[in-house]
>>> print(open('final13.txt').read())   # compact mmCIF, C-alpha atoms and all ligand atoms
# COMPACT_ATOMS: atom_id res chain seq x y z
CA MET G 1 -134.91 -26.98 163.48
CA LYS G 2 -136.41 -23.48 163.39
CA ASN G 3 -136.54 -21.81 159.99
CA THR G 4 -133.57 -19.47 159.89
CA TYR G 5 -133.73 -18.69 156.19
CA THR G 6 -133.62 -15.03 155.25
CA LYS G 7 -133.65 -13.81 151.66
CA PRO G 8 -130.26 -12.66 150.34
CA ASN G 9 -131.68 -9.33 149.06
CA LEU G 10 -130.25 -9.43 145.54
CA ASN G 11 -129.86 -6.34 143.36
CA THR G 12 -132.42 -5.62 140.65
CA LYS G 13 -130.79 -5.09 137.25
CA TYR G 14 -133.30 -5.19 134.40
CA PHE G 15 -136.76 -4.51 135.78
CA ASP G 16 -136.92 -0.73 135.31
CA ASP G 17 -135.82 -0.88 131.67
CA LEU G 18 -138.47 -3.45 130.84
CA PHE G 19 -141.19 -1.63 132.79
CA ASN G 20 -140.38 1.66 131.03
CA SER G 21 -140.63 -0.04 127.61
CA LEU G 22 -144.19 -1.34 128.14
CA PRO G 23 -147.24 0.40 126.65
CA SER G 24 -150.11 1.82 128.70
CA MET G 25 -152.74 -0.72 129.78
CA GLU G 26 -155.49 1.85 130.27
CA GLY G 27 -158.91 0.47 129.38
CA LYS G 28 -157.79 -3.12 130.04
CA THR G 29 -158.75 -5.46 132.86
CA VAL G 30 -156.20 -7.88 134.30
CA ALA G 31 -156.90 -10.70 136.79
CA ILE G 32 -153.91 -12.17 138.65
CA THR G 33 -153.77 -15.00 141.18
CA GLY G 34 -151.27 -14.99 144.05
CA THR G 35 -150.33 -11.34 144.55
CA THR G 36 -149.62 -11.36 148.30
CA SER G 37 -145.85 -11.57 147.70
CA GLY G 38 -143.14 -12.32 145.19
CA LEU G 39 -143.54 -12.17 141.45
CA GLY G 40 -147.32 -11.82 141.53
CA PHE G 41 -147.02 -8.78 143.78
CA TYR G 42 -144.62 -6.96 141.45
CA ALA G 43 -146.57 -8.01 138.35
CA ALA G 44 -149.73 -6.60 139.96
CA GLU G 45 -148.04 -3.36 140.98
CA SER G 46 -146.67 -2.89 137.46
CA VAL G 47 -150.01 -3.56 135.80
CA ALA G 48 -151.76 -1.10 138.11
CA LYS G 49 -149.11 1.54 137.33
CA LEU G 50 -149.62 0.90 133.61
CA GLY G 51 -153.27 1.88 134.14
CA ALA G 52 -155.20 -1.40 133.95
CA LYS G 53 -158.14 -2.29 136.20
CA LEU G 54 -156.73 -5.01 138.42
CA LEU G 55 -158.44 -7.97 140.06
CA LEU G 56 -156.33 -9.58 142.79
CA LEU G 57 -157.34 -13.18 143.44
CA ASN G 58 -155.95 -14.38 146.77
CA ARG G 59 -157.01 -16.65 149.60
CA PRO G 60 -158.22 -14.54 152.53
CA SER G 61 -155.40 -13.86 155.01
CA GLU G 62 -153.45 -11.16 156.74
CA ARG G 63 -150.92 -11.41 153.91
CA ALA G 64 -153.73 -10.68 151.42
CA ASP G 65 -154.89 -7.66 153.45
CA SER G 66 -151.43 -6.20 154.02
CA SER G 67 -150.29 -6.67 150.41
CA PHE G 68 -153.52 -5.01 149.23
CA ALA G 69 -152.82 -2.06 151.53
CA LYS G 70 -149.24 -1.87 150.23
CA LEU G 71 -150.43 -1.94 146.59
CA SER G 72 -153.10 0.67 147.28
CA ASP G 73 -150.37 2.90 148.73
CA SER G 74 -147.88 2.48 145.91
CA CYS G 75 -150.57 2.80 143.18
CA SER G 76 -152.73 5.54 144.64
CA ASN G 77 -154.56 6.10 141.33
CA GLY G 78 -154.94 2.36 140.75
CA ASP G 79 -158.26 0.62 140.12
CA LEU G 80 -157.67 -2.35 142.46
CA HIS G 81 -160.16 -5.02 143.51
CA LYS G 82 -159.70 -7.80 146.04
CA ILE G 83 -161.36 -11.12 145.32
CA ASP G 84 -161.24 -14.10 147.69
CA CYS G 85 -159.99 -17.19 145.88
CA ASN G 86 -158.47 -20.21 147.58
CA LEU G 87 -156.94 -22.38 144.87
CA GLN G 88 -157.08 -25.39 147.20
CA SER G 89 -160.86 -25.49 146.68
CA PHE G 90 -162.85 -25.68 143.44
CA GLU G 91 -165.87 -24.17 145.25
CA SER G 92 -163.77 -21.15 146.18
CA VAL G 93 -162.61 -20.76 142.56
CA LYS G 94 -166.23 -20.87 141.36
CA SER G 95 -167.36 -18.27 143.84
CA ALA G 96 -164.37 -16.05 142.95
CA PHE G 97 -165.39 -16.35 139.31
CA SER G 98 -168.96 -15.24 140.03
CA LYS G 99 -167.55 -12.01 141.52
CA VAL G 100 -165.15 -11.58 138.59
CA SER G 101 -167.98 -11.93 136.10
CA GLU G 102 -170.17 -9.39 137.96
CA MET G 103 -167.29 -6.90 137.89
CA CYS G 104 -166.12 -7.46 134.30
CA THR G 105 -169.08 -6.99 132.00
CA ASP G 106 -166.66 -5.75 129.31
CA GLY G 107 -164.52 -8.86 129.58
CA ILE G 108 -161.04 -9.68 130.88
CA ASP G 109 -158.01 -8.74 128.80
CA VAL G 110 -155.47 -10.81 130.72
CA LEU G 111 -155.88 -13.77 133.04
CA CYS G 112 -152.56 -14.41 134.78
CA ASN G 113 -152.41 -17.80 136.50
CA ASN G 114 -149.44 -17.01 138.71
CA ALA G 115 -150.02 -18.40 142.22
CA GLY G 116 -148.04 -21.42 143.30
CA VAL G 117 -146.56 -23.47 146.10
CA MET G 118 -143.41 -25.60 146.00
CA ALA G 119 -142.34 -28.96 147.42
CA LEU G 120 -144.94 -29.09 150.19
CA LYS G 121 -145.88 -32.18 152.19
CA ASP G 122 -147.92 -34.94 150.56
CA LYS G 123 -151.39 -33.65 151.43
CA ALA G 124 -154.82 -33.76 149.83
CA THR G 125 -156.98 -30.70 149.29
CA ILE G 126 -160.63 -30.65 150.31
CA ASP G 127 -161.35 -31.95 146.78
CA GLY G 128 -158.94 -34.89 147.20
CA PHE G 129 -156.15 -33.77 144.85
CA ASP G 130 -152.49 -33.14 145.63
CA VAL G 131 -152.20 -29.75 147.29
CA GLN G 132 -149.50 -28.66 144.83
CA MET G 133 -151.26 -29.91 141.69
CA GLN G 134 -154.59 -28.33 142.63
CA THR G 135 -153.06 -25.00 143.64
CA ASN G 136 -150.62 -24.72 140.75
CA HIS G 137 -152.57 -26.27 137.88
CA LEU G 138 -156.05 -27.76 138.41
CA SER G 139 -157.69 -24.71 139.98
CA HIS G 140 -156.11 -22.50 137.30
CA PHE G 141 -157.50 -24.88 134.67
CA LEU G 142 -160.98 -24.41 136.18
CA LEU G 143 -160.55 -20.64 136.50
CA THR G 144 -159.43 -20.38 132.87
CA LYS G 145 -162.38 -22.46 131.71
CA LEU G 146 -164.80 -20.21 133.62
CA CYS G 147 -163.14 -16.99 132.40
CA MET G 148 -162.99 -18.04 128.73
CA PRO G 149 -166.22 -16.20 127.68
CA LEU G 150 -164.90 -13.03 129.36
CA LEU G 151 -161.54 -13.39 127.59
CA GLU G 152 -163.36 -13.92 124.26
CA LYS G 153 -165.44 -10.83 124.92
CA ALA G 154 -162.36 -8.66 125.58
CA SER G 155 -160.65 -10.07 122.49
CA GLN G 156 -163.68 -9.14 120.36
CA LEU G 157 -163.98 -5.65 121.84
CA ARG G 158 -160.27 -4.78 122.00
CA ASN G 159 -158.74 -7.11 119.42
CA GLU G 160 -156.76 -9.39 121.74
CA ALA G 161 -156.72 -11.05 125.14
CA ARG G 162 -154.14 -13.20 126.93
CA ILE G 163 -153.88 -16.20 129.20
CA VAL G 164 -150.55 -16.25 131.02
CA ASN G 165 -149.37 -19.31 132.94
CA HIS G 166 -146.33 -19.57 135.21
CA SER G 167 -143.98 -22.54 134.88
CA SER G 168 -140.41 -23.15 136.08
CA ILE G 169 -137.14 -24.78 135.10
CA ALA G 170 -138.46 -27.57 137.36
CA ARG G 171 -140.49 -28.67 134.30
CA PHE G 172 -137.32 -30.40 133.06
CA GLN G 173 -137.03 -32.35 136.30
CA ALA G 174 -140.43 -33.95 135.65
CA LYS G 175 -139.38 -35.22 132.21
CA LYS G 176 -142.77 -36.88 131.55
CA LEU G 177 -146.22 -35.87 132.79
CA LYS G 178 -147.83 -38.74 134.74
CA GLU G 179 -151.60 -39.29 135.05
CA LYS G 180 -151.59 -40.18 138.73
CA PHE G 181 -150.57 -36.66 139.77
CA LEU G 182 -153.76 -35.30 138.17
CA GLU G 183 -155.98 -37.83 139.92
CA LYS G 184 -157.78 -37.80 143.30
CA LYS G 185 -154.77 -39.35 145.00
CA GLY G 186 -153.68 -36.45 147.21
CA GLY G 187 -151.75 -37.67 150.25
CA ASN G 188 -150.61 -40.83 148.42
CA LEU G 189 -148.20 -39.41 145.88
CA GLY G 190 -144.72 -40.08 147.14
CA GLY G 191 -144.61 -38.97 150.77
CA ASP G 192 -142.90 -36.08 152.55
CA GLY G 193 -139.28 -36.88 151.78
CA GLY G 194 -136.96 -35.41 149.21
CA ASN G 195 -134.62 -32.55 148.48
CA LEU G 196 -133.91 -30.29 145.55
CA ILE G 197 -130.72 -32.10 144.48
CA LEU G 198 -131.78 -35.73 144.84
CA GLY G 199 -135.47 -35.36 144.06
CA GLY G 200 -138.04 -37.36 146.05
CA GLY G 201 -141.80 -37.03 146.47
CA ARG G 202 -142.11 -33.34 147.33
CA TRP G 203 -139.99 -32.23 144.39
CA GLU G 204 -141.43 -34.74 141.94
CA ARG G 205 -144.93 -33.41 142.67
CA TYR G 206 -143.76 -29.79 142.20
CA ALA G 207 -142.01 -30.62 138.93
CA GLN G 208 -145.18 -32.34 137.65
CA THR G 209 -147.22 -29.20 138.38
CA LYS G 210 -144.78 -26.95 136.54
CA LEU G 211 -144.73 -29.31 133.55
CA ALA G 212 -148.55 -29.23 133.68
CA ASN G 213 -148.44 -25.39 133.51
CA ALA G 214 -146.36 -25.55 130.33
CA ALA G 215 -148.42 -28.36 128.77
CA PHE G 216 -151.66 -26.49 129.58
CA THR G 217 -150.28 -23.50 127.65
CA ALA G 218 -149.50 -25.76 124.69
CA CYS G 219 -153.06 -27.14 124.74
CA LEU G 220 -154.60 -23.66 124.94
CA HIS G 221 -152.40 -22.33 122.17
CA GLU G 222 -153.35 -25.17 119.82
CA LYS G 223 -157.08 -25.02 120.57
CA LEU G 224 -157.26 -21.20 120.38
CA GLN G 225 -155.40 -21.14 117.06
CA LYS G 226 -157.69 -23.83 115.61
CA SER G 227 -160.76 -21.84 116.59
CA ASN G 228 -159.32 -18.62 115.10
CA SER G 229 -159.51 -16.94 118.49
CA LYS G 230 -157.72 -13.66 119.15
CA ILE G 231 -156.76 -14.92 122.62
CA ARG G 232 -153.04 -15.61 123.03
CA ALA G 233 -151.73 -18.30 125.41
CA MET G 234 -148.22 -17.94 126.79
CA VAL G 235 -146.15 -19.14 129.70
CA ALA G 236 -143.42 -17.46 131.73
CA HIS G 237 -140.66 -18.96 133.82
CA PRO G 238 -138.66 -16.76 136.21
CA GLY G 239 -135.44 -18.74 136.50
CA LEU G 240 -134.50 -18.62 140.17
CA ALA G 241 -135.93 -15.60 141.97
CA GLU G 242 -135.91 -14.82 145.67
CA SER G 243 -139.51 -14.69 146.88
CA ASP G 244 -141.61 -16.25 149.62
CA LEU G 245 -141.74 -19.46 147.57
CA GLN G 246 -138.47 -20.69 149.09
CA SER G 247 -139.32 -19.43 152.61
CA THR G 248 -142.60 -21.37 152.55
CA THR G 249 -140.82 -24.53 151.40
CA VAL G 250 -138.17 -24.17 154.10
CA GLU G 251 -140.90 -23.72 156.74
CA ASP G 252 -142.66 -26.85 155.50
CA GLY G 253 -139.45 -28.89 155.70
CA GLY G 254 -138.86 -29.23 151.93
CA MET G 255 -135.48 -27.41 151.86
CA GLY G 256 -132.83 -26.71 154.48
CA SER G 257 -132.27 -23.06 155.36
CA PHE G 258 -128.47 -23.24 154.98
CA PHE G 259 -128.67 -24.82 151.52
CA THR G 260 -131.42 -22.38 150.44
CA LYS G 261 -129.34 -19.38 151.47
CA TYR G 262 -126.41 -20.73 149.43
CA LEU G 263 -128.58 -21.59 146.40
CA MET G 264 -130.33 -18.22 146.25
CA LYS G 265 -127.01 -16.42 145.72
CA PHE G 266 -127.21 -17.81 142.16
CA GLY G 267 -130.66 -16.33 141.63
CA GLN G 268 -132.11 -12.90 140.93
CA SER G 269 -134.27 -10.38 142.74
CA GLU G 270 -138.06 -10.70 142.94
CA LYS G 271 -138.44 -7.77 140.54
CA ASP G 272 -136.13 -9.31 137.93
CA GLY G 273 -137.96 -12.61 138.43
CA THR G 274 -141.11 -10.82 137.24
CA LEU G 275 -139.69 -9.97 133.79
CA GLY G 276 -141.10 -13.02 131.96
CA LEU G 277 -144.51 -12.67 133.55
CA LEU G 278 -144.66 -8.98 132.75
CA ARG G 279 -143.64 -9.45 129.12
CA CYS G 280 -146.37 -12.09 128.74
CA ILE G 281 -148.95 -9.77 130.31
CA ALA G 282 -148.08 -6.52 128.58
CA ASP G 283 -145.47 -6.76 125.82
CA PRO G 284 -147.10 -6.55 122.35
CA LYS G 285 -144.18 -8.55 120.86
CA ILE G 286 -144.98 -11.77 122.73
CA ASN G 287 -146.94 -14.15 120.52
CA SER G 288 -149.25 -16.99 121.46
CA GLY G 289 -147.36 -20.24 122.01
CA SER G 290 -144.32 -18.62 123.66
CA MET G 291 -142.26 -19.55 126.71
CA VAL G 292 -140.71 -16.39 128.16
CA GLY G 293 -137.83 -16.50 130.63
CA PRO G 294 -134.07 -15.99 131.09
CA GLY G 295 -133.12 -18.67 128.54
CA LEU G 296 -134.98 -21.97 128.44
CA LYS G 297 -132.90 -23.26 131.35
CA GLY G 298 -131.56 -19.90 132.57
CA MET G 299 -131.56 -18.95 136.25
CA LYS G 300 -131.30 -15.16 135.82
CA GLY G 301 -131.18 -12.36 133.29
CA LYS G 302 -133.40 -10.60 130.77
CA ALA G 303 -136.53 -12.50 129.74
CA LYS G 304 -136.50 -13.71 126.13
CA SER G 305 -139.17 -15.46 124.12
CA PHE G 306 -138.83 -19.09 122.93
CA PRO G 307 -141.18 -21.54 121.22
CA LEU G 308 -142.89 -24.14 123.43
CA GLU G 309 -140.88 -27.34 123.78
CA PRO G 310 -141.68 -30.69 122.16
CA PHE G 311 -141.39 -32.74 125.36
CA TYR G 312 -144.82 -31.43 126.40
CA ASP G 313 -146.06 -29.76 123.21
CA ASN G 314 -147.02 -33.07 121.62
CA PRO G 315 -150.39 -34.82 121.07
CA THR G 316 -149.88 -37.54 123.72
CA VAL G 317 -149.10 -35.17 126.59
CA LYS G 318 -151.65 -32.55 125.52
CA ASN G 319 -154.52 -35.07 125.18
CA MET G 320 -153.71 -36.66 128.52
CA LEU G 321 -153.47 -33.33 130.34
CA TRP G 322 -156.75 -32.07 128.93
CA ILE G 323 -158.73 -35.25 129.62
CA LYS G 324 -157.38 -35.69 133.16
CA SER G 325 -157.85 -32.00 134.02
CA CYS G 326 -161.48 -32.05 132.79
CA GLU G 327 -162.08 -35.21 134.83
CA ALA G 328 -160.60 -33.51 137.90
CA ILE G 329 -162.78 -30.40 137.69
CA GLY G 330 -165.79 -32.54 136.72
CA GLU G 331 -166.57 -30.40 133.67
CA ASN G 332 -165.84 -30.33 129.95
CA PHE G 333 -163.75 -27.44 128.70
CA GLU G 334 -164.45 -26.81 125.04
CA ILE G 335 -162.73 -24.15 122.98
N1 LIG A 401 -139.41 -17.74 142.80
C1 LIG A 401 -138.89 -18.61 141.97
O1 LIG A 401 -137.67 -18.84 141.90
C2 LIG A 401 -139.78 -19.36 141.03
C3 LIG A 401 -139.19 -20.25 140.15
C4 LIG A 401 -139.98 -20.94 139.27
C5 LIG A 401 -141.36 -20.72 139.24
N2 LIG A 401 -141.91 -19.85 140.11
C6 LIG A 401 -143.37 -19.69 140.09
O2 LIG A 401 -143.75 -18.35 140.30
C7 LIG A 401 -145.06 -18.31 140.84
C8 LIG A 401 -145.12 -17.27 141.93
O3 LIG A 401 -144.30 -17.68 143.01
P1 LIG A 401 -143.37 -16.69 143.84
O4 LIG A 401 -141.99 -17.10 143.57
O5 LIG A 401 -143.77 -15.29 143.62
O6 LIG A 401 -143.72 -17.19 145.34
P2 LIG A 401 -144.49 -16.51 146.55
O7 LIG A 401 -143.86 -15.23 146.94
O8 LIG A 401 -144.59 -17.57 147.58
O9 LIG A 401 -145.93 -16.22 145.96
C9 LIG A 401 -146.85 -17.25 145.74
C10 LIG A 401 -148.25 -16.69 145.73
O10 LIG A 401 -149.17 -17.80 145.53
C11 LIG A 401 -150.20 -17.67 146.50
N3 LIG A 401 -150.86 -18.91 146.86
C12 LIG A 401 -150.32 -20.03 147.39
N4 LIG A 401 -151.30 -20.93 147.66
C13 LIG A 401 -152.48 -20.36 147.31
C14 LIG A 401 -153.84 -20.77 147.36
N5 LIG A 401 -154.20 -21.96 147.85
N6 LIG A 401 -154.78 -19.93 146.88
C15 LIG A 401 -154.44 -18.71 146.39
N7 LIG A 401 -153.17 -18.25 146.33
C16 LIG A 401 -152.20 -19.07 146.78
C17 LIG A 401 -149.49 -17.08 147.72
O11 LIG A 401 -150.46 -16.53 148.59
P3 LIG A 401 -150.57 -16.84 150.18
O12 LIG A 401 -150.11 -15.57 150.83
O13 LIG A 401 -152.04 -17.10 150.39
O14 LIG A 401 -149.72 -18.01 150.49
C18 LIG A 401 -148.62 -16.02 147.04
O15 LIG A 401 -149.38 -14.87 146.78
C19 LIG A 401 -145.40 -19.75 141.28
O16 LIG A 401 -146.27 -20.34 140.36
C20 LIG A 401 -144.04 -20.44 141.24
O17 LIG A 401 -144.14 -21.82 140.96
C21 LIG A 401 -141.16 -19.17 141.02
>>> encode(input="final13.txt", output="C-alpha cells", more="lines below")
Ligand SMILES: NC(=O)c1ccc[n+]([C@@H]2O[C@H](COP(=O)([O-])OP(=O)(O)OC[C@H]3O[C@@H](n4cnc5c(N)ncnc54)[C@H](OP(=O)(O)O)[C@@H]3O)[C@@H](O)[C@H]2O)c1
Amino acid sequence: MKNTYTKPNLNTKYFDDLFNSLPSMEGKTVAITGTTSGLGFYAAESVAKLGAKLLLLNRPSERADSSFAKLSDSCSNGDLHKIDCNLQSFESVKSAFSKVSEMCTDGIDVLCNNAGVMALKDKATIDGFDVQMQTNHLSHFLLTKLCMPLLEKASQLRNEARIVNHSSIARFQAKKLKEKFLEKKGGNLGGDGGNLILGGGRWERYAQTKLANAAFTACLHEKLQKSNSKIRAMVAHPGLAESDLQSTTVEDGGMGSFFTKYLMKFGQSEKDGTLGLLRCIADPKINSGSMVGPGLKGMKGKAKSFPLEPFYDNPTVKNMLWIKSCEAIGENFEI
C-alpha cells in the first residue's frame, strides 16, 4: 500500500523558553550528524543562532542541499559548513573527518552524534554490518574516536568540550545488548518482519542501536572521568517526536500509516523533541554522565536530566560494547 502517512503537525510548547535560556555559543565549533530534517535540523538551527561555527555532516542528497539552503536562509549570519558523511560507510566517515580536521585547527567544542534510522529492513552496509547499527552507533563510534584529539584540544583551550549521543525510549525494549548486532552479520539479524507493538526483527535491531547509544555514553563518561578529561559525555532522548524518522519507517514497511498517525498524536512537535539534545549541547547545567529527556520513559514534555541507568551502565555491557565496537571499526580507541 502507498505511504499515506502525514505528520500530525503538533503544537510546540517549550522550545522557545529553553532556547531563550541558553548562553551564547560564540567562539565554539559544533559538529552535528543528520541535520537534513527533524531534531538534528532544529538543533543545528539553534546552535547557529547561538553563534557557534557549525559543521553539518550529512550524506549527499537533495535533502542535504535543500536543508542547507533553508538553514542558510534562517541563520543569515551563521557560520555554516556542509560536510559529506554517509554513516553507512566507514570510508565516508574517515573522509568526512579529514575535512573536519582541516577546518577545525582550534578543536571541536561539541560533537553531536544525532543521525539515525528506525526499524528498516534487514540489510547489510557496504562494510557488512546491520544498516541500523552502523548508521546509529558504529559510524558514530568511529567518528568520535577520530574527533577525540580535536575535542581534547577544545577542552584545553576553552575549558570544556562535549560528546552528545542520541538514544530513545526504545532502549528499554532491547533489555540486554547482544554481541551479534555489533558483528558483521548485516542481512542476517532477524528479517524484515515486526511491528512496534509486538516487536520482531526490525524493531529489535533498532532497540539494540538505541541501547548501544546509551551504553556508549556510559563508556565514554567512565573513561573520560578516569583520565581527568574536561570532555563531558551525555545522551539525550526525545520521547516521541514527529519527524521524518516515522515517515521513513512507514515508507520502508516497518510501520503502518494508519497506526503511525494514531500513535503520533501522543507525541510532541519536532522542536520540542529537540529539547534534550539542545540542553546536552548548550546548557551549562548538564553534567557528564547524564541522560536528558522528558522523564526516563516520558513521551513528551520539558527535558530533565537523569543519571545513566544501571542496565547498561555496568562493567559487563560497557566492556562488551567497547570491544565489539573496536573490532567493528578495525581500530583501537584509547582514552
Ligand atoms: N523522532 C523521534 O520520536 C525519536 C525518538 C527517539 C529517538 N530519536 C532519535 O533522534 C535522532 C534523529 O532522528 P529524527 O527523529 O530527527 O529523524 P529524521 O527526521 O529522520 O532525521 C534523521 C537524520 O539522520 C540522517 N541519516 C540517516 N541515515 C544517514 C546516513 N547513512 N548518513 C548520514 N545521515 C543519515 C537523515 O538524513 P537523510 O536525509 O540522509 O536520510 C536525517 O538527517 C535519531 O538518532 C533517532 O533515533 C527520535
>>> closest_residue(input="final13.txt", among="G:Met118, G:Met264, G:Gly239, G:Cys326", to="Met291 of chain G", atoms="only C-alpha atoms")
G:Gly239
>>> atom_distance(input="final13.txt", atom1="atom CA of Asn136 of chain G", atom2="atom CA of Gly51 of chain G")
27.5 Å
>>> axis_aligned_box(input="final13.txt", around="ligand LIG 401 (chain A)", padding_each_side="4 Å", output="AutoDock Vina command-line options")
--center_x -146.2 --center_y -18.4 --center_z 145.0 --size_x 25.1 --size_y 15.1 --size_z 19.6
>>> residues_around(input="final13.txt", residues="Asn332 of chain G", least_positions_apart="6", cutoff="10 Å", atoms="only C-alpha atoms", output="ChimeraX atom specification")
/G:142,145,322-323,325-326
>>> closest_residue(input="final13.txt", among="G:Ser167, G:Ser67, G:Ser155, G:Thr135", to="Gly38 of chain G", atoms="only C-alpha atoms")
G:Ser67
>>> residues_around(input="final13.txt", residues="Thr33 of chain G", least_positions_apart="5", cutoff="12 Å", atoms="all atoms listed in the file", output="PyMOL selection string")
chain G and resi 38-41+43-44+54-59+64+82-87+93+96-97+110-116+135-137+139-140+143-144+164-166
>>> closest_residue(input="final13.txt", among="G:Ala303, G:Ala233, G:Leu240, G:Ile197", to="Ile169 of chain G", atoms="all atoms listed in the file")
G:Leu240
>>> atom_distance(input="final13.txt", atom1="atom CA of Asp283 of chain G", atom2="atom CA of Leu22 of chain G")
6.0 Å
>>> atom_distance(input="final13.txt", atom1="atom CA of Ser61 of chain G", atom2="atom CA of Glu91 of chain G")
17.6 Å
>>> residues_near_point(input="final13.txt", point="(-143.2, -26.8, 145.4)", cutoff="8 Å", atoms="all atoms listed in the file", output="list in words")
Gly116, Val117, Met118, Ala119, Leu120, Gln132, Arg202, Trp203, Arg205, Tyr206, Ala207, Leu245 and Thr249 of chain G
>>> closest_residue(input="final13.txt", among="G:Asp252, G:Ala282, G:Lys318, G:Phe15", to="Tyr42 of chain G", atoms="only C-alpha atoms")
G:Phe15
>>> residues_around(input="final13.txt", residues="Gly276 of chain G", least_positions_apart="5", cutoff="8 Å", atoms="all atoms listed in the file", output="ChimeraX atom specification")
/G:236-238,292-294,303-304
>>> closest_residue(input="final13.txt", among="G:Pro284, G:Pro307, G:Gly194, G:Gly34", to="ligand LIG 401 (chain A)", atoms="only C-alpha atoms and all ligand atoms")
G:Gly34
>>> closest_residue(input="final13.txt", among="G:Asn314, G:Ser37, G:Ser76, G:Gln208", to="ligand LIG 401 (chain A)", atoms="all atoms listed in the file")
G:Ser37
>>> decode(input="final13.txt", residues="segment 297-316 of chain G", atoms="N, CA and C atoms", output="PDB file, in the first residue's frame")
ATOM      1  N   LYS G 297      11.203   7.558  30.893  1.00  0.00           N
ATOM      2  CA  LYS G 297      10.347   6.847  29.938  1.00  0.00           C
ATOM      3  C   LYS G 297       9.314   7.777  29.310  1.00  0.00           C
ATOM      4  N   GLY G 298       9.479   9.094  29.488  1.00  0.00           N
ATOM      5  CA  GLY G 298       8.452  10.044  29.060  1.00  0.00           C
ATOM      6  C   GLY G 298       8.375  10.179  27.547  1.00  0.00           C
ATOM      7  N   MET G 299       7.178  10.466  27.048  1.00  0.00           N
ATOM      8  CA  MET G 299       6.978  10.630  25.603  1.00  0.00           C
ATOM      9  C   MET G 299       7.018  12.099  25.199  1.00  0.00           C
ATOM     10  N   LYS G 300       6.691  13.014  26.151  1.00  0.00           N
ATOM     11  CA  LYS G 300       6.704  14.432  25.784  1.00  0.00           C
ATOM     12  C   LYS G 300       6.875  15.285  27.040  1.00  0.00           C
ATOM     13  N   GLY G 301       7.264  16.541  26.797  1.00  0.00           N
ATOM     14  CA  GLY G 301       7.407  17.467  27.919  1.00  0.00           C
ATOM     15  C   GLY G 301       8.802  18.050  27.987  1.00  0.00           C
ATOM     16  N   LYS G 302       9.020  18.864  29.035  1.00  0.00           N
ATOM     17  CA  LYS G 302      10.325  19.514  29.218  1.00  0.00           C
ATOM     18  C   LYS G 302      11.409  18.460  29.419  1.00  0.00           C
ATOM     19  N   ALA G 303      12.620  18.749  28.946  1.00  0.00           N
ATOM     20  CA  ALA G 303      13.710  17.779  29.102  1.00  0.00           C
ATOM     21  C   ALA G 303      14.393  17.975  30.445  1.00  0.00           C
ATOM     22  N   LYS G 304      14.470  16.884  31.218  1.00  0.00           N
ATOM     23  CA  LYS G 304      15.145  16.931  32.520  1.00  0.00           C
ATOM     24  C   LYS G 304      16.348  16.001  32.484  1.00  0.00           C
ATOM     25  N   SER G 305      17.235  16.218  33.454  1.00  0.00           N
ATOM     26  CA  SER G 305      18.478  15.441  33.470  1.00  0.00           C
ATOM     27  C   SER G 305      18.401  14.320  34.504  1.00  0.00           C
ATOM     28  N   PHE G 306      18.846  13.122  34.119  1.00  0.00           N
ATOM     29  CA  PHE G 306      18.829  11.946  34.998  1.00  0.00           C
ATOM     30  C   PHE G 306      20.200  11.275  34.935  1.00  0.00           C
ATOM     31  N   PRO G 307      20.545  10.499  35.970  1.00  0.00           N
ATOM     32  CA  PRO G 307      21.784   9.717  35.863  1.00  0.00           C
ATOM     33  C   PRO G 307      21.611   8.578  34.847  1.00  0.00           C
ATOM     34  N   LEU G 308      22.714   8.105  34.292  1.00  0.00           N
ATOM     35  CA  LEU G 308      22.653   6.948  33.387  1.00  0.00           C
ATOM     36  C   LEU G 308      22.138   5.734  34.161  1.00  0.00           C
ATOM     37  N   GLU G 309      21.555   4.778  33.443  1.00  0.00           N
ATOM     38  CA  GLU G 309      20.839   3.686  34.117  1.00  0.00           C
ATOM     39  C   GLU G 309      21.698   2.413  34.215  1.00  0.00           C
ATOM     40  N   PRO G 310      21.528   1.704  35.340  1.00  0.00           N
ATOM     41  CA  PRO G 310      22.392   0.529  35.578  1.00  0.00           C
ATOM     42  C   PRO G 310      22.242  -0.605  34.555  1.00  0.00           C
ATOM     43  N   PHE G 311      21.133  -0.678  33.821  1.00  0.00           N
ATOM     44  CA  PHE G 311      21.007  -1.836  32.923  1.00  0.00           C
ATOM     45  C   PHE G 311      21.982  -1.785  31.744  1.00  0.00           C
ATOM     46  N   TYR G 312      22.583  -0.607  31.498  1.00  0.00           N
ATOM     47  CA  TYR G 312      23.691  -0.563  30.526  1.00  0.00           C
ATOM     48  C   TYR G 312      24.948   0.047  31.124  1.00  0.00           C
ATOM     49  N   ASP G 313      24.792   0.823  32.201  1.00  0.00           N
ATOM     50  CA  ASP G 313      25.968   1.431  32.826  1.00  0.00           C
ATOM     51  C   ASP G 313      26.540   0.434  33.844  1.00  0.00           C
ATOM     52  N   ASN G 314      27.038  -0.675  33.322  1.00  0.00           N
ATOM     53  CA  ASN G 314      27.653  -1.690  34.192  1.00  0.00           C
ATOM     54  C   ASN G 314      28.833  -2.303  33.439  1.00  0.00           C
ATOM     55  N   PRO G 315      29.820  -2.871  34.174  1.00  0.00           N
ATOM     56  CA  PRO G 315      31.063  -3.314  33.523  1.00  0.00           C
ATOM     57  C   PRO G 315      30.847  -4.328  32.396  1.00  0.00           C
ATOM     58  N   THR G 316      29.893  -5.247  32.548  1.00  0.00           N
ATOM     59  CA  THR G 316      29.716  -6.292  31.528  1.00  0.00           C
ATOM     60  C   THR G 316      29.294  -5.680  30.193  1.00  0.00           C
TER      61      THR G 316
END
